[in-house]
Amino acid sequence: MSKQLPLHGEYVIFTGIPRSTEAVDLTTQFGAKPVIAPFISTKDIDGQDDEKKLRTCNNYDWLIFTSQSSVNAFIAKMKHFQLKSSFFQSKIAVVGSQTASAMENEGFIIEFTPTIYSADVFVKEFPAVSASSETCLFVRGNLAKNTITDGLLNEVDEWTIYETVIEKENTEQVRSLLKSDVHCSVIFSSPSTVEEFDKTIASDIGYNGFTVCAIGHITRNHLQLLGATVHVMPDTYTLTEVVHELVKWKGRE
């Protein structure tokens, strides 16, 4: 291993969906071979009342998004019904810089992002910017936990805008890699990807023999609950920061 290419010969496996090429390109720059193998993908839920739901968004003081998938599904519906960001008068709250960027790229102004990109931190810090009398619409996926809905004093309605689909071919690809002789690092992006790994791969090979990386303390805690040792977790919960932390970890070996 060289200082210039600290990840030389390493297969870095992305179990989530990279929303940009930045983190993937970074692994290549450090000498790794990126493997994009999302365990789950998303499918927008099309409802007969989608246009009505979009137009009634203005009945809420806040719209809350905790993932890029919910943002992407929301924007797709906006465009389908020829609505622009200027139509929406609600304040926007998001979890994470990438989610914020996806909204800002469509002309939205972000009013609140938590200091740590996690729903449990969101519910602790949101009262500083929102009175409990303000109403919220949580735009979510079907597997989203109830942290936002149950954790806020505000009245929170939910709109389940996309569903999660399991990508079995990708889990088999990862299983084959981990059972081979190559060096691997696996980046777990959410508890959902951890669950799928645990059901389909860990039951066979466990969590040893590769570097375990987590984005965020919720994902880390879920891995640890299942008996995994988490080697890499960045202070800032993004894919690019995971790669930087992985480089530091490999430098210790």
# chains A, B, ... in the order shown; residues from 1 in each chain; ligands from 1
>>> residues_around(residues="Asn170 (chain A)", least_positions_apart="6", cutoff="7 Å", atoms="only C-alpha atoms", output="PyMOL selection string")
chain A and resi 37-39
>>> residues_around(residues="Asn59 (chain A)", least_positions_apart="2", cutoff="9 Å", atoms="only C-alpha atoms", output="PyMOL selection string")
chain A and resi 55-57+61+89-90+135
>>> select_by_dssp(residues="region 17-238 of chain A", states="strand (DSSP E)", output="ChimeraX atom specification")
/A:33-36,40-44,62-65,91-94,110-112,135-141,155-166,183-188,211-214
>>> closest_residue(among="A:Thr238, A:Thr66, A:Asn208, A:Gln48", to="Thr147 (chain A)", atoms="only C-alpha atoms")
A:Thr66
>>> closest_residue(among="A:Thr15, A:Ser69, A:Ser133, A:Gln29", to="Tyr162 (chain A)", atoms="only C-alpha atoms")
A:Ser69
>>> residues_around(residues="region 101-118 of chain A", least_positions_apart="4", cutoff="9 Å", atoms="only C-alpha atoms", output="PyMOL selection string")
chain A and resi 66+68+71-72+75+84-86+88+91-97+122-126+129+216-218+235-238
>>> closest_residue(among="A:Leu226, A:Gln173, A:Ala100, A:Leu5", to="Leu26 (chain A)", atoms="only C-alpha atoms")
A:Leu5
>>> select_by_dssp(residues="region 69-209 of chain A", states="helix (DSSP H, G or I)", output="PyMOL selection string")
chain A and resi 69-80+85-87+97-104+119-128+147-151+168-178+191-205
>>> closest_residue(among="A:Ser20, A:Thr240, A:Ser192, A:Thr200", to="Thr171 (chain A)", atoms="only C-alpha atoms")
A:Thr200
>>> atom_distance(atom1="CA of Thr160 (chain A)", atom2="CA of Leu137 (chain A)")
10.4 Å
>>> residues_around(residues="Leu239 (chain A)", least_positions_apart="4", cutoff="12 Å", atoms="only C-alpha atoms", output="PyMOL selection string")
chain A and resi 12-27+96-98+186-190+213-216+232-235+243-246
>>> residues_around(residues="Arg175 (chain A)", least_positions_apart="6", cutoff="9 Å", atoms="only C-alpha atoms", output="ChimeraX atom specification")
/A:200-202,204-205
